[in-house]
file my_file29.txt (compact mmCIF, C-alpha atoms and all ligand atoms)
# COMPACT_ATOMS: atom_id res chain seq x y z
CA MET A 18 9.33 6.29 60.57
CA ILE A 19 10.16 9.77 59.33
CA SER A 20 13.88 10.20 58.90
CA ILE A 21 15.73 13.34 59.97
CA LYS A 22 16.39 14.08 56.30
CA TRP A 23 12.67 14.15 55.48
CA LEU A 24 11.91 16.20 58.54
CA LEU A 25 14.51 18.74 57.48
CA MET A 26 12.99 18.92 54.00
CA PHE A 27 9.58 19.66 55.48
CA LEU A 28 11.07 22.45 57.52
CA LEU A 29 13.06 23.93 54.66
CA VAL A 30 10.74 23.70 51.66
CA PRO A 31 8.07 26.24 52.62
CA ASP A 32 10.59 29.06 52.86
CA SER A 33 11.66 28.83 49.28
CA ILE A 34 9.40 28.73 46.28
CA LEU A 35 10.45 28.34 42.70
CA LEU A 36 8.74 30.56 40.17
CA SER A 37 9.13 29.11 36.73
CA VAL A 38 8.62 31.61 33.95
CA GLY A 39 9.29 30.56 30.39
CA GLN A 40 12.88 29.38 30.29
CA THR A 41 13.82 31.44 33.34
CA ASN A 42 13.59 30.20 36.89
CA TYR A 43 13.38 32.53 39.85
CA ASN A 44 14.29 31.45 43.33
CA VAL A 45 12.30 33.73 45.55
CA SER A 46 12.32 33.51 49.30
CA ARG A 47 8.73 33.47 50.42
CA ARG A 48 9.72 35.09 53.70
CA GLN A 49 11.41 37.90 51.81
CA GLN A 50 8.38 38.36 49.54
CA ASP A 51 6.06 38.58 52.51
CA ALA A 52 8.14 40.90 54.60
CA VAL A 53 9.53 43.31 52.04
CA GLY A 54 7.46 45.40 49.72
CA TYR A 55 8.31 46.55 46.24
CA LEU A 56 8.56 49.98 44.75
CA LEU A 57 7.76 49.66 41.05
CA ARG A 58 9.25 52.42 38.94
CA PRO A 59 7.84 52.53 35.37
CA ASP A 60 7.82 55.55 33.04
CA ARG A 61 4.10 56.04 33.61
CA VAL A 62 1.14 54.51 35.37
CA PHE A 63 -2.26 53.85 33.81
CA ASP A 64 -4.49 53.50 36.86
CA GLY A 65 -7.40 51.89 35.00
CA GLU A 66 -8.95 55.26 34.16
CA THR A 67 -6.25 57.86 33.42
CA MET A 68 -2.55 58.07 32.65
CA HIS A 69 -0.01 59.52 35.08
CA GLU A 70 3.51 60.28 33.82
CA GLY A 71 6.28 59.76 36.36
CA TRP A 72 4.22 57.86 38.91
CA VAL A 73 5.49 54.94 41.00
CA VAL A 74 3.58 52.16 42.77
CA ARG A 75 4.42 50.64 46.13
CA VAL A 76 3.33 47.07 46.88
CA LYS A 77 3.13 45.48 50.32
CA ASP A 78 2.21 41.81 50.68
CA ASP A 79 -0.59 41.14 48.20
CA LYS A 80 -1.93 44.70 48.02
CA ILE A 81 -1.13 48.05 46.46
CA GLU A 82 0.10 50.23 49.32
CA ALA A 83 0.58 53.55 47.53
CA ALA A 84 0.60 55.10 44.06
CA GLY A 85 1.61 58.60 43.08
CA PRO A 86 4.38 60.92 41.82
CA ALA A 87 7.85 59.48 42.52
CA ASN A 88 8.68 62.15 45.14
CA SER A 89 5.50 61.45 47.10
CA VAL A 90 5.99 57.70 47.68
CA SER A 91 8.70 56.51 50.08
CA SER A 92 11.03 53.70 49.00
CA THR A 93 12.22 52.96 52.55
CA GLY A 94 12.23 49.24 53.23
CA ALA A 95 11.08 48.36 49.72
CA THR A 96 12.93 46.59 46.93
CA VAL A 97 13.06 49.03 44.02
CA VAL A 98 12.12 47.45 40.69
CA ASP A 99 13.18 49.56 37.74
CA LEU A 100 10.73 49.26 34.85
CA LYS A 101 12.20 51.84 32.52
CA GLY A 102 10.40 52.36 29.23
CA THR A 103 7.21 50.74 30.47
CA THR A 104 3.64 51.60 31.33
CA LEU A 105 2.43 49.98 34.54
CA MET A 106 -1.26 49.04 34.56
CA PRO A 107 -3.75 47.00 36.57
CA GLY A 108 -3.61 43.29 35.71
CA LEU A 109 -5.79 42.82 32.63
CA ILE A 110 -9.19 41.16 32.97
CA GLU A 111 -10.30 38.79 30.22
CA GLY A 112 -14.07 39.12 29.94
CA HIS A 113 -14.86 35.95 27.97
CA SER A 114 -12.57 32.93 28.04
CA HIS A 115 -12.89 29.15 27.77
CA LEU A 116 -9.76 27.71 29.36
CA LEU A 117 -11.06 24.23 28.60
CA LEU A 118 -11.18 24.85 24.84
CA HIS A 119 -8.34 25.14 22.36
CA PRO A 120 -8.38 26.68 18.86
CA TYR A 121 -10.95 25.20 16.48
CA ASN A 122 -8.44 25.02 13.63
CA GLU A 123 -6.51 22.53 15.78
CA THR A 124 -9.56 20.45 16.70
CA PRO A 125 -13.18 21.30 15.79
CA TRP A 126 -15.41 22.17 18.76
CA ASP A 127 -17.58 19.04 18.27
CA ASP A 128 -14.51 16.80 18.49
CA GLN A 129 -13.22 18.56 21.60
CA VAL A 130 -16.57 17.91 23.30
CA LEU A 131 -17.11 14.34 22.04
CA LYS A 132 -13.68 12.83 21.48
CA GLU A 133 -11.24 14.40 23.91
CA ALA A 134 -10.78 12.85 27.34
CA ARG A 135 -11.66 15.20 30.20
CA SER A 136 -8.17 14.54 31.59
CA LEU A 137 -6.66 15.70 28.29
CA ARG A 138 -8.80 18.83 28.35
CA VAL A 139 -7.78 19.66 31.91
CA ALA A 140 -4.11 19.02 31.17
CA ARG A 141 -4.32 21.48 28.29
CA ALA A 142 -6.21 23.97 30.45
CA THR A 143 -3.35 24.13 32.95
CA VAL A 144 -1.06 25.26 30.14
CA HIS A 145 -3.72 27.73 28.91
CA ALA A 146 -3.89 29.20 32.41
CA ARG A 147 -0.14 29.84 32.55
CA LYS A 148 -0.08 31.42 29.08
CA THR A 149 -2.97 33.68 30.03
CA LEU A 150 -1.20 34.93 33.14
CA GLU A 151 2.08 35.49 31.31
CA ALA A 152 0.20 37.62 28.75
CA GLY A 153 -0.72 39.99 31.58
CA PHE A 154 -4.28 38.75 32.16
CA THR A 155 -4.44 38.21 35.92
CA THR A 156 -8.21 37.54 35.93
CA VAL A 157 -10.51 35.68 33.55
CA ARG A 158 -14.28 35.42 33.47
CA ASP A 159 -14.40 31.87 32.13
CA LEU A 160 -17.76 31.38 30.42
CA GLY A 161 -18.40 27.66 30.31
CA THR A 162 -16.55 24.36 30.30
CA GLU A 163 -18.24 23.29 27.02
CA GLY A 164 -18.83 19.66 27.91
CA ALA A 165 -16.16 19.37 30.60
CA ASP A 166 -18.76 19.47 33.39
CA TYR A 167 -17.38 21.10 36.56
CA ASP A 168 -13.69 20.92 35.63
CA ASP A 169 -13.36 24.71 35.93
CA VAL A 170 -13.99 24.34 39.68
CA GLY A 171 -10.88 22.20 40.22
CA LEU A 172 -8.83 24.29 37.81
CA LYS A 173 -9.68 27.43 39.78
CA GLN A 174 -8.82 25.65 43.04
CA ALA A 175 -5.46 24.47 41.68
CA ILE A 176 -4.60 28.07 40.78
CA ASN A 177 -5.83 29.48 44.09
CA LYS A 178 -3.83 26.89 46.04
CA GLY A 179 -0.68 27.82 44.07
CA ILE A 180 -0.35 24.34 42.56
CA ILE A 181 -0.27 25.74 39.01
CA PRO A 182 0.28 29.31 37.78
CA GLY A 183 -2.77 31.00 36.32
CA PRO A 184 -5.18 33.91 36.50
CA ARG A 185 -7.84 34.43 39.14
CA MET A 186 -10.95 32.76 37.75
CA MET A 187 -14.57 33.79 37.80
CA ILE A 188 -16.42 30.68 36.60
CA VAL A 189 -19.89 29.64 35.41
CA THR A 190 -19.37 25.82 35.33
CA ARG A 191 -21.58 24.10 32.72
CA ALA A 192 -23.84 26.95 31.51
CA LEU A 193 -27.57 26.48 30.80
CA ILE A 194 -29.27 25.69 27.51
CA ALA A 195 -32.85 25.07 26.52
CA THR A 196 -33.43 21.43 25.57
CA GLY A 197 -32.60 20.67 21.96
CA SER A 198 -31.05 24.05 21.28
CA TYR A 199 -27.32 23.52 21.54
CA ALA A 200 -24.62 21.26 20.11
CA PRO A 201 -23.02 18.90 19.06
CA LYS A 202 -25.85 18.25 16.63
CA GLY A 203 -26.57 16.59 13.31
CA PHE A 204 -26.62 13.03 14.65
CA SER A 205 -29.37 10.45 14.33
CA PRO A 206 -32.44 11.58 16.30
CA ASP A 207 -32.45 8.05 17.77
CA ILE A 208 -29.38 8.65 19.95
CA ASP A 209 -28.75 11.14 22.72
CA VAL A 210 -25.48 12.96 22.14
CA PRO A 211 -23.74 14.60 25.13
CA GLN A 212 -24.14 18.39 24.92
CA GLY A 213 -21.71 21.21 25.55
CA ALA A 214 -23.84 22.64 28.38
CA GLU A 215 -26.62 21.59 30.77
CA GLU A 216 -30.15 21.29 29.37
CA ALA A 217 -32.83 22.63 31.69
CA ASP A 218 -36.24 24.18 31.06
CA GLY A 219 -39.31 25.30 32.91
CA HIS A 220 -39.91 26.41 36.46
CA ASP A 221 -38.67 23.64 38.76
CA ALA A 222 -35.88 22.23 36.58
CA LEU A 223 -34.38 25.68 35.97
CA ILE A 224 -34.40 26.62 39.64
CA GLN A 225 -32.71 23.32 40.49
CA ALA A 226 -30.09 23.65 37.76
CA VAL A 227 -29.17 27.20 38.77
CA ARG A 228 -28.91 26.20 42.43
CA ARG A 229 -26.92 23.06 41.62
CA GLN A 230 -24.38 24.98 39.52
CA ILE A 231 -23.99 27.60 42.25
CA GLY A 232 -23.65 24.87 44.86
CA LYS A 233 -20.82 23.27 42.91
CA GLY A 234 -18.90 26.50 42.49
CA ALA A 235 -20.40 28.82 39.84
CA ASP A 236 -19.59 32.50 40.45
CA ALA A 237 -22.19 33.51 37.84
CA ILE A 238 -24.76 31.73 35.69
CA LYS A 239 -24.42 31.64 31.92
CA ILE A 240 -27.41 31.03 29.68
CA TYR A 241 -27.77 30.67 25.94
CA ALA A 242 -30.66 33.03 25.14
CA ASP A 243 -30.52 31.91 21.52
CA TYR A 244 -28.63 29.46 19.37
CA ARG A 245 -28.60 27.73 16.02
CA TRP A 246 -31.51 25.64 17.20
CA GLY A 247 -32.23 22.20 15.77
CA LEU A 248 -31.04 21.54 12.25
CA MET A 249 -31.59 25.06 10.89
CA ALA A 250 -28.57 27.22 10.26
CA GLU A 251 -30.05 30.40 11.77
CA ALA A 252 -29.98 31.35 15.43
CA ARG A 253 -33.38 31.56 17.14
CA PRO A 254 -34.38 32.69 20.65
CA THR A 255 -34.63 29.78 23.09
CA TYR A 256 -35.59 30.65 26.67
CA THR A 257 -38.81 32.62 27.17
CA LEU A 258 -38.65 35.95 28.96
CA ASP A 259 -40.30 34.33 32.00
CA GLU A 260 -37.66 31.59 32.10
CA ILE A 261 -34.85 34.15 31.94
CA LYS A 262 -36.45 36.22 34.71
CA LEU A 263 -36.70 33.07 36.83
CA ILE A 264 -33.02 32.20 36.24
CA VAL A 265 -31.98 35.76 37.13
CA GLU A 266 -34.14 35.83 40.27
CA THR A 267 -32.77 32.46 41.46
CA ALA A 268 -29.14 33.43 40.80
CA ARG A 269 -29.56 36.88 42.36
CA SER A 270 -30.84 35.37 45.56
CA SER A 271 -27.28 34.04 46.01
CA GLY A 272 -25.71 37.36 45.03
CA ARG A 273 -24.72 36.12 41.59
CA GLY A 274 -25.39 37.61 38.19
CA VAL A 275 -26.42 36.10 34.87
CA VAL A 276 -24.51 36.29 31.60
CA ALA A 277 -26.36 35.72 28.32
CA HIS A 278 -25.03 34.42 25.05
CA ALA A 279 -27.27 36.22 22.54
CA SER A 280 -26.75 37.00 18.91
CA THR A 281 -30.32 37.60 17.68
CA ALA A 282 -32.14 40.87 18.37
CA GLU A 283 -34.99 39.03 20.15
CA GLY A 284 -32.58 36.90 22.22
CA MET A 285 -30.79 40.10 23.24
CA ARG A 286 -34.10 41.84 24.06
CA ARG A 287 -35.18 38.98 26.37
CA ALA A 288 -31.74 38.87 28.03
CA ILE A 289 -31.86 42.63 28.70
CA LEU A 290 -35.47 42.69 29.97
CA GLY A 291 -34.87 39.50 31.96
CA GLY A 292 -32.12 41.21 33.96
CA CYS A 293 -28.92 39.65 32.58
CA GLU A 294 -25.83 41.72 33.30
CA THR A 295 -23.95 41.16 30.07
CA VAL A 296 -24.82 40.13 26.54
CA GLU A 297 -22.14 38.07 24.81
CA HIS A 298 -21.60 38.49 21.03
CA GLY A 299 -24.66 40.62 20.13
CA ASP A 300 -24.18 40.08 16.39
CA ALA A 301 -27.67 41.11 15.26
CA GLY A 302 -28.10 44.04 17.61
CA THR A 303 -30.06 47.05 16.30
CA PRO A 304 -30.07 50.73 17.36
CA GLU A 305 -33.29 50.01 19.32
CA ILE A 306 -31.72 47.04 21.12
CA PHE A 307 -28.59 49.04 21.97
CA ALA A 308 -30.76 51.88 23.29
CA LEU A 309 -32.51 49.29 25.49
CA MET A 310 -29.13 48.01 26.72
CA LYS A 311 -28.07 51.54 27.60
CA GLN A 312 -31.36 52.14 29.41
CA HIS A 313 -31.07 48.94 31.47
CA GLY A 314 -27.32 49.21 32.09
CA THR A 315 -26.63 45.91 30.31
CA ALA A 316 -23.03 45.63 29.08
CA LEU A 317 -21.99 44.21 25.71
CA CYS A 318 -19.09 41.78 25.39
CA PRO A 319 -18.65 41.83 21.61
CA THR A 320 -16.11 38.97 21.18
CA LEU A 321 -14.72 40.48 17.96
CA ALA A 322 -11.69 38.20 17.94
CA ALA A 323 -13.78 35.01 17.80
CA GLY A 324 -15.53 36.06 14.58
CA ASP A 325 -12.23 37.25 13.13
CA ALA A 326 -10.57 33.90 13.95
CA ILE A 327 -13.44 31.74 12.68
CA SER A 328 -13.52 33.64 9.37
CA GLN A 329 -9.82 32.89 8.96
CA TYR A 330 -10.37 29.20 9.81
CA ARG A 331 -12.97 29.18 7.01
CA GLY A 332 -10.39 30.36 4.51
CA TRP A 333 -10.41 34.18 4.70
CA LYS A 334 -6.87 35.48 4.14
CA LYS A 335 -6.77 38.53 6.35
CA GLY A 336 -4.96 41.47 4.78
CA GLN A 337 -5.28 39.94 1.30
CA ASP A 338 -8.93 39.03 0.68
CA PRO A 339 -11.76 41.56 1.10
CA GLU A 340 -13.39 41.45 4.53
CA PRO A 341 -16.21 38.85 4.74
CA GLU A 342 -19.77 40.24 4.98
CA ARG A 343 -20.16 38.80 8.49
CA LEU A 344 -17.23 40.87 9.77
CA LYS A 345 -18.42 44.04 8.00
CA GLN A 346 -21.74 43.62 9.81
CA LYS A 347 -19.91 43.13 13.09
CA ARG A 348 -18.08 46.42 12.54
CA ASP A 349 -21.41 48.19 11.96
CA ILE A 350 -22.97 46.63 15.06
CA PHE A 351 -19.98 47.59 17.20
CA LYS A 352 -20.22 51.20 16.00
CA GLN A 353 -23.96 51.24 16.75
CA ALA A 354 -23.30 50.01 20.29
CA LEU A 355 -20.63 52.68 20.81
CA ALA A 356 -22.93 55.37 19.41
CA ALA A 357 -25.70 54.30 21.82
CA GLY A 358 -23.28 54.64 24.75
CA VAL A 359 -23.51 50.95 25.72
CA THR A 360 -20.90 49.82 28.27
CA ILE A 361 -18.37 47.69 26.39
CA CYS A 362 -16.61 44.81 28.12
CA ALA A 363 -13.38 43.43 26.73
CA GLY A 364 -13.66 39.72 26.09
CA GLY A 365 -12.57 37.84 23.02
CA ASP A 366 -14.01 34.31 23.46
CA VAL A 367 -10.41 33.15 23.76
CA GLY A 368 -10.17 29.40 23.36
CA VAL A 369 -11.66 29.79 19.89
CA PHE A 370 -8.16 31.20 19.28
CA SER A 371 -4.96 30.66 21.27
CA HIS A 372 -4.80 31.31 25.00
CA GLY A 373 -2.14 33.92 25.62
CA ASP A 374 -3.27 35.79 22.48
CA ASN A 375 -6.05 37.46 24.50
CA ALA A 376 -4.90 40.89 23.33
CA ARG A 377 -6.21 40.17 19.82
CA GLU A 378 -9.58 41.40 21.07
CA LEU A 379 -8.11 44.71 22.24
CA LEU A 380 -6.43 45.31 18.87
CA LEU A 381 -9.70 44.62 17.05
CA MET A 382 -11.68 46.92 19.37
CA VAL A 383 -9.38 49.73 18.22
CA ASP A 384 -9.55 48.59 14.60
CA TYR A 385 -13.39 48.62 14.82
CA GLY A 386 -13.52 52.18 16.10
CA MET A 387 -12.72 52.51 19.81
CA LYS A 388 -9.99 54.79 21.18
CA PRO A 389 -7.01 52.87 22.64
CA ILE A 390 -7.44 54.48 26.07
CA ASP A 391 -11.11 53.44 26.13
CA VAL A 392 -10.10 49.88 25.26
CA MET A 393 -7.59 49.89 28.14
CA ARG A 394 -10.35 51.15 30.46
CA SER A 395 -12.62 48.32 29.28
CA VAL A 396 -10.06 45.60 29.96
CA THR A 397 -9.28 46.92 33.45
CA SER A 398 -11.68 49.13 35.44
CA ILE A 399 -14.81 48.63 33.33
CA ASN A 400 -14.56 44.84 33.29
CA ALA A 401 -13.98 44.93 37.06
CA ASP A 402 -17.05 47.14 37.57
CA VAL A 403 -19.33 45.10 35.30
CA PHE A 404 -18.22 41.79 36.87
CA LYS A 405 -18.45 43.35 40.37
CA LEU A 406 -14.79 42.56 41.15
CA THR A 407 -14.34 45.45 43.56
CA ASP A 408 -10.87 44.36 44.74
CA ARG A 409 -9.11 44.84 41.38
CA GLY A 410 -9.12 46.56 38.00
CA ARG A 411 -7.52 49.79 39.20
CA ILE A 412 -4.22 50.95 40.68
CA ARG A 413 -5.38 52.29 43.98
CA PRO A 414 -4.17 51.74 47.58
CA GLY A 415 -5.85 48.74 49.20
CA LEU A 416 -6.63 46.91 45.95
CA LEU A 417 -4.93 43.65 44.97
CA ALA A 418 -1.39 44.02 43.65
CA ASP A 419 -2.31 42.50 40.28
CA LEU A 420 -0.11 44.52 37.93
CA VAL A 421 1.33 44.34 34.45
CA ALA A 422 4.09 46.41 32.85
CA VAL A 423 4.34 46.66 29.07
CA GLN A 424 6.94 48.34 26.89
CA GLY A 425 5.70 51.60 25.40
CA ASP A 426 2.24 53.08 25.93
CA PRO A 427 -0.83 51.06 24.88
CA THR A 428 -3.15 54.04 25.38
CA LYS A 429 -1.40 55.54 22.32
CA THR A 430 -0.33 52.41 20.41
CA ILE A 431 -2.59 49.50 21.30
CA THR A 432 -0.15 46.83 20.06
CA ASP A 433 2.14 47.80 22.97
CA VAL A 434 -0.25 45.83 25.20
CA GLN A 435 1.38 42.70 23.76
CA ARG A 436 4.90 43.78 24.81
CA VAL A 437 4.60 42.37 28.32
CA GLN A 438 7.64 42.98 30.48
CA MET A 439 6.44 42.13 33.99
CA VAL A 440 3.39 40.48 35.52
CA MET A 441 2.59 40.49 39.21
CA LYS A 442 -0.35 38.69 40.79
CA GLY A 443 -1.16 39.31 44.43
CA GLY A 444 2.23 40.91 45.03
CA VAL A 445 4.17 37.94 43.60
CA PHE A 446 6.02 38.12 40.28
CA SER A 447 4.60 35.75 37.68
CA LYS A 448 6.88 37.14 34.99
CA ARG A 449 9.76 39.55 35.27
ZN ZN A 501 -17.80 31.71 24.50

call {"tool": "encode", "arguments": {"input": "my_file29.txt", "output": "structure tokens"}}
result
Amino acid sequence: MISIKWLLMFLLVPDSILLSVGQTNYNVSRRQQDAVGYLLRPDRVFDGETMHEGWVVRVKDDKIEAAGPANSVSSTGATVVDLKGTTLMPGLIEGHSHLLLHPYNETPWDDQVLKEARSLRVARATVHARKTLEAGFTTVRDLGTEGADYDDVGLKQAINKGIIPGPRMMIVTRALIATGSYAPKGFSPDIDVPQGAEEADGHDALIQAVRRQIGKGADAIKIYADYRWGLMAEARPTYTLDEIKLIVETARSSGRGVVAHASTAEGMRRAILGGCETVEHGDAGTPEIFALMKQHGTALCPTLAAGDAISQYRGWKKGQDPEPERLKQKRDIFKQALAAGVTICAGGDVGVFSHGDNARELLLMVDYGMKPIDVMRSVTSINADVFKLTDRGRIRPGLLADLVAVQGDPTKTITDVQRVQMVMKGGVFSKR
């Protein structure tokens, strides 16, 4: 028997939702949020491409309704939100995350894959998701569960259903590796050690694996075009060009793209010619390879922050010790890619370092030679274009009201991107 008290609770609960942000709780009437729009009044608006001083943005339901000079946008019927001193921008898009990983100086990658319970990894991931959103990143392209099977599917669903706060997720599930090429490794050859991604090779097995991952929820397919294969320390190309073409053709048939981890020149070349949409890392790129990327419209996601973090985990004291050779090379490569006019995504491989510190990548992109405004374009409109997320990445009427306000102006001083004042996802405040 359902008592009157319970019945009343059922009737009352849906009208009121509690938004918990840090130590502050916000009681927001859902009815009020749905019915009334907001007029957001910052000092300036970065629309994903250019800066507009004195603009305001009007939000209705989950969409941007209008954006323009203050005197051109009506405030009638809207709740005015004063964001003095801030720059309002599209919600940031993280191009390369692993919500199911946590920093390697806390627990080495091998131990996360082999010793941590999947339930522990998912529990952590829910916290990572909240921190990511509060840092102003309203979308992540999450590039592999690294041994946690299809746990990104449920994580994404929990966020979409409003069970936990977090960014919109574009996921790849397990990712694909050529047999014997990935990790954990270094164990007796007599035992089979669980791997951080799915092994599949050759015509039939690859087609099946791609289709299976898509069937279970992958929004894109990730492959490892090279890796530190076997017991050698150096990375070597893994999949043949024909295998990559087959993966791309199979994924494309479902309207999905392919992302390639590649750090060798030959791995990059095969990924580009095979039709992959982005190359992740690209550490041993050459002027010829970057020219090929430009020619084929392949974007580079350089993951500068991962290398920077790993060097520090290995003992480099940043700001004190001279820069390690590996990072000097990465600077050179990044400059070569910029000089060749390659499209640059913003994605730091966050998970290697702390979730919520996503902006480390943006700071390094500037440090390595990119203009702050170009970095802000990368992390908003360019990431949206490259990942084919046509409903976000810009402040434009009709697009999703995924918005972030930061103190100052990150197109002049990139560190201002870390001074997050307000985050809105789909017209609902996640942080204010
Ligand atoms: Zn990664």

call {"tool": "closest_atom_pairs", "arguments": {"input": "my_file29.txt", "of": "segment 383-442 of chain A", "to": "segment 320-330 of chain A", "cutoff": "12 Å", "atoms": "all atoms listed in the file", "output": "JSON lines"}}
result
{"residue": "A:Val383", "atom": "CA", "partner": "A:Leu321", "partner_atom": "CA", "distance": 10.7}
{"residue": "A:Asp384", "atom": "CA", "partner": "A:Leu321", "partner_atom": "CA", "distance": 10.2}
{"residue": "A:Tyr385", "atom": "CA", "partner": "A:Leu321", "partner_atom": "CA", "distance": 8.8}
{"residue": "A:Gly386", "atom": "CA", "partner": "A:Leu321", "partner_atom": "CA", "distance": 11.9}

call {"tool": "residues_around", "arguments": {"input": "my_file29.txt", "residues": "Val392 of chain A", "least_positions_apart": "4", "cutoff": "12 Å", "atoms": "all atoms listed in the file", "output": "VMD selection string"}}
result
chain A and resid 65 to 66 109 to 110 355 360 to 364 376 to 388 396 to 400 427 to 432 434

call {"tool": "residues_around", "arguments": {"input": "my_file29.txt", "residues": "segment 136-145 of chain A", "least_positions_apart": "4", "cutoff": "6 Å", "atoms": "all atoms listed in the file", "output": "PyMOL selection string"}}
result
chain A and resi 116-117+372

call {"tool": "closest_atom_pairs", "arguments": {"input": "my_file29.txt", "of": "chain A", "to": "ligand ZN 501 (chain A)", "cutoff": "9 Å", "atoms": "all atoms listed in the file", "output": "tab-separated table"}}
result
residue	atom	partner	partner_atom	distance
A:His113	CA	A:ZN501	ZN	6.2
A:Ser114	CA	A:ZN501	ZN	6.4
A:His115	CA	A:ZN501	ZN	6.4
A:Asp159	CA	A:ZN501	ZN	8.4
A:Leu160	CA	A:ZN501	ZN	5.9
A:Gly161	CA	A:ZN501	ZN	7.1
A:Glu163	CA	A:ZN501	ZN	8.8
A:His278	CA	A:ZN501	ZN	7.7
A:Glu297	CA	A:ZN501	ZN	7.7
A:His298	CA	A:ZN501	ZN	8.5
A:Thr320	CA	A:ZN501	ZN	8.2
A:Ala323	CA	A:ZN501	ZN	8.5
A:Gly365	CA	A:ZN501	ZN	8.2
A:Asp366	CA	A:ZN501	ZN	4.7
A:Val367	CA	A:ZN501	ZN	7.6
A:Gly368	CA	A:ZN501	ZN	8.1
A:Val369	CA	A:ZN501	ZN	7.9

call {"tool": "residues_near_point", "arguments": {"input": "my_file29.txt", "point": "(4.7, 36.3, 38.6)", "cutoff": "10 Å", "atoms": "only C-alpha atoms", "output": "PyMOL selection string"}}
result
chain A and resi 36-38+43+150-151+153+155+182-183+419-421+439-449

call {"tool": "closest_residue", "arguments": {"input": "my_file29.txt", "among": "A:Asp259, A:Asp127, A:Asp374, A:Asp60", "to": "Val210 of chain A", "atoms": "all atoms listed in the file"}}
result
A:Asp127

call {"tool": "atom_distance", "arguments": {"input": "my_file29.txt", "atom1": "atom CA of Val98 of chain A", "atom2": "atom CA of Gly71 of chain A"}}
result
14.3 Å

call {"tool": "residues_around", "arguments": {"input": "my_file29.txt", "residues": "Ser92 of chain A", "least_positions_apart": "5", "cutoff": "12 Å", "atoms": "all atoms listed in the file", "output": "VMD selection string"}}
result
chain A and resid 53 to 58 73 to 77 82 to 84 87 97 to 98

call {"tool": "atom_distance", "arguments": {"input": "my_file29.txt", "atom1": "atom CA of Gln438 of chain A", "atom2": "atom CA of Ala422 of chain A"}}
result
5.5 Å

call {"tool": "closest_residue", "arguments": {"input": "my_file29.txt", "among": "A:Pro414, A:Lys335, A:Val170, A:Thr162", "to": "Val90 of chain A", "atoms": "all atoms listed in the file"}}
result
A:Pro414
